[in-house]
Amino acid sequence: MDLTNLNKDRKNRRKTGSLELGTMAFGKMPPQAKELEEAVLGANVVLTQSTKIIDVSGTEPKEYKGRVPSRSVLIPGSYLKKFPAGEYNVSCALIIGQRKPSTDLKTSLNDALRDFNVSA
């Protein structure tokens with residue numbers, strides 16, 4: 001994957017609002033993830049098709065699988081699961097809130113550098 005395709009996809013996404021996962025590269029997101037539009041992933045968040053994503057930002061937890069709501073902020077977590085050999089913690093991703101406008105300002109420089117193929 002070259003940067004030309006990545007930049008074309010980024011410009012396309014801005015026009016259409018959709019995300020083509022096939023052209024994402026450089027560890028941005030795994031190809032199994034369906035949609036991570038403007039999501040903020042904390043360090044060590046692992047997302048696969050089978051990863052349980054739990055929204056804990058409200059009064060009741062809400063579960064997602066294979067999909068992340070846009071503009072979500074995720075951190076790594078775990079939940080207790082019963083197996084025949086006992087109970088063990090299994091990895092999951094926790095949604096702890098929504099992306100703030102101040103995050104957009106902080107990432108706008110990165111977007112501009114990528115759009116104009118400038119390496120820093």
# chains A, B, ... in the order shown; residues from 1 in each chain; ligands from 1

call {"tool": "select_by_dssp", "arguments": {"residues": "segment 68-117 of chain A", "states": "strand (DSSP E)", "output": "MDAnalysis selection string"}}
result
chainID A and resid 72:83 86:98

call {"tool": "residues_around", "arguments": {"residues": "Ala43 of chain A", "least_positions_apart": "6", "cutoff": "10 Å", "atoms": "only C-alpha atoms", "output": "ChimeraX atom specification"}}
result
/A:74-76

call {"tool": "write_last_selection", "arguments": {"atoms": "C-alpha atoms", "output": "JSON list (two decimals), in the first residue's frame"}}
result
[["chain", "number", "residue", "atom", "x", "y", "z"],
["A", 74, "LEU", "CA", -12.21, 3.67, 23.51],
["A", 75, "ILE", "CA", -9.88, 2.23, 26.14],
["A", 76, "PRO", "CA", -8.90, -1.41, 26.77]]

call {"tool": "atom_distance", "arguments": {"atom1": "atom CA of Gly42 of chain A", "atom2": "atom CA of Leu94 of chain A"}}
result
9.8 Å

call {"tool": "residues_around", "arguments": {"residues": "Tyr88 of chain A", "least_positions_apart": "6", "cutoff": "10 Å", "atoms": "only C-alpha atoms", "output": "PyMOL selection string"}}
result
chain A and resi 78-82

call {"tool": "write_last_selection", "arguments": {"atoms": "C-alpha atoms", "output": "compact mmCIF listing (two decimals), in the first residue's frame"}}
result
# COMPACT_ATOMS: atom_id res chain seq x y z
CA SER A 78 -11.96 -6.85 30.30
CA TYR A 79 -15.05 -8.73 31.40
CA LEU A 80 -15.51 -11.94 33.40
CA LYS A 81 -16.44 -15.02 31.35
CA LYS A 82 -17.25 -18.50 32.63

call {"tool": "atom_distance", "arguments": {"atom1": "atom CA of Arg99 of chain A", "atom2": "atom CA of Glu38 of chain A"}}
result
7.8 Å

call {"tool": "residues_around", "arguments": {"residues": "Gly58 of chain A", "least_positions_apart": "5", "cutoff": "10 Å", "atoms": "only C-alpha atoms", "output": "PDB file with N, CA and C atoms, in the first residue's frame"}}
result
ATOM      1  N   ILE A  95     -16.121   1.889  25.657  1.00  0.00           N
ATOM      2  CA  ILE A  95     -16.401   3.247  25.190  1.00  0.00           C
ATOM      3  C   ILE A  95     -16.650   4.092  26.431  1.00  0.00           C
ATOM      4  N   ILE A  96     -15.789   5.084  26.631  1.00  0.00           N
ATOM      5  CA  ILE A  96     -15.895   5.898  27.840  1.00  0.00           C
ATOM      6  C   ILE A  96     -16.445   7.295  27.570  1.00  0.00           C
ATOM      7  N   GLY A  97     -16.710   7.605  26.310  1.00  0.00           N
ATOM      8  CA  GLY A  97     -17.264   8.910  25.985  1.00  0.00           C
ATOM      9  C   GLY A  97     -17.216   9.173  24.496  1.00  0.00           C
TER      10      GLY A  97
END

call {"tool": "residues_around", "arguments": {"residues": "Val46 of chain A", "least_positions_apart": "6", "cutoff": "9 Å", "atoms": "only C-alpha atoms", "output": "ChimeraX atom specification"}}
result
/A:30,76,91-93
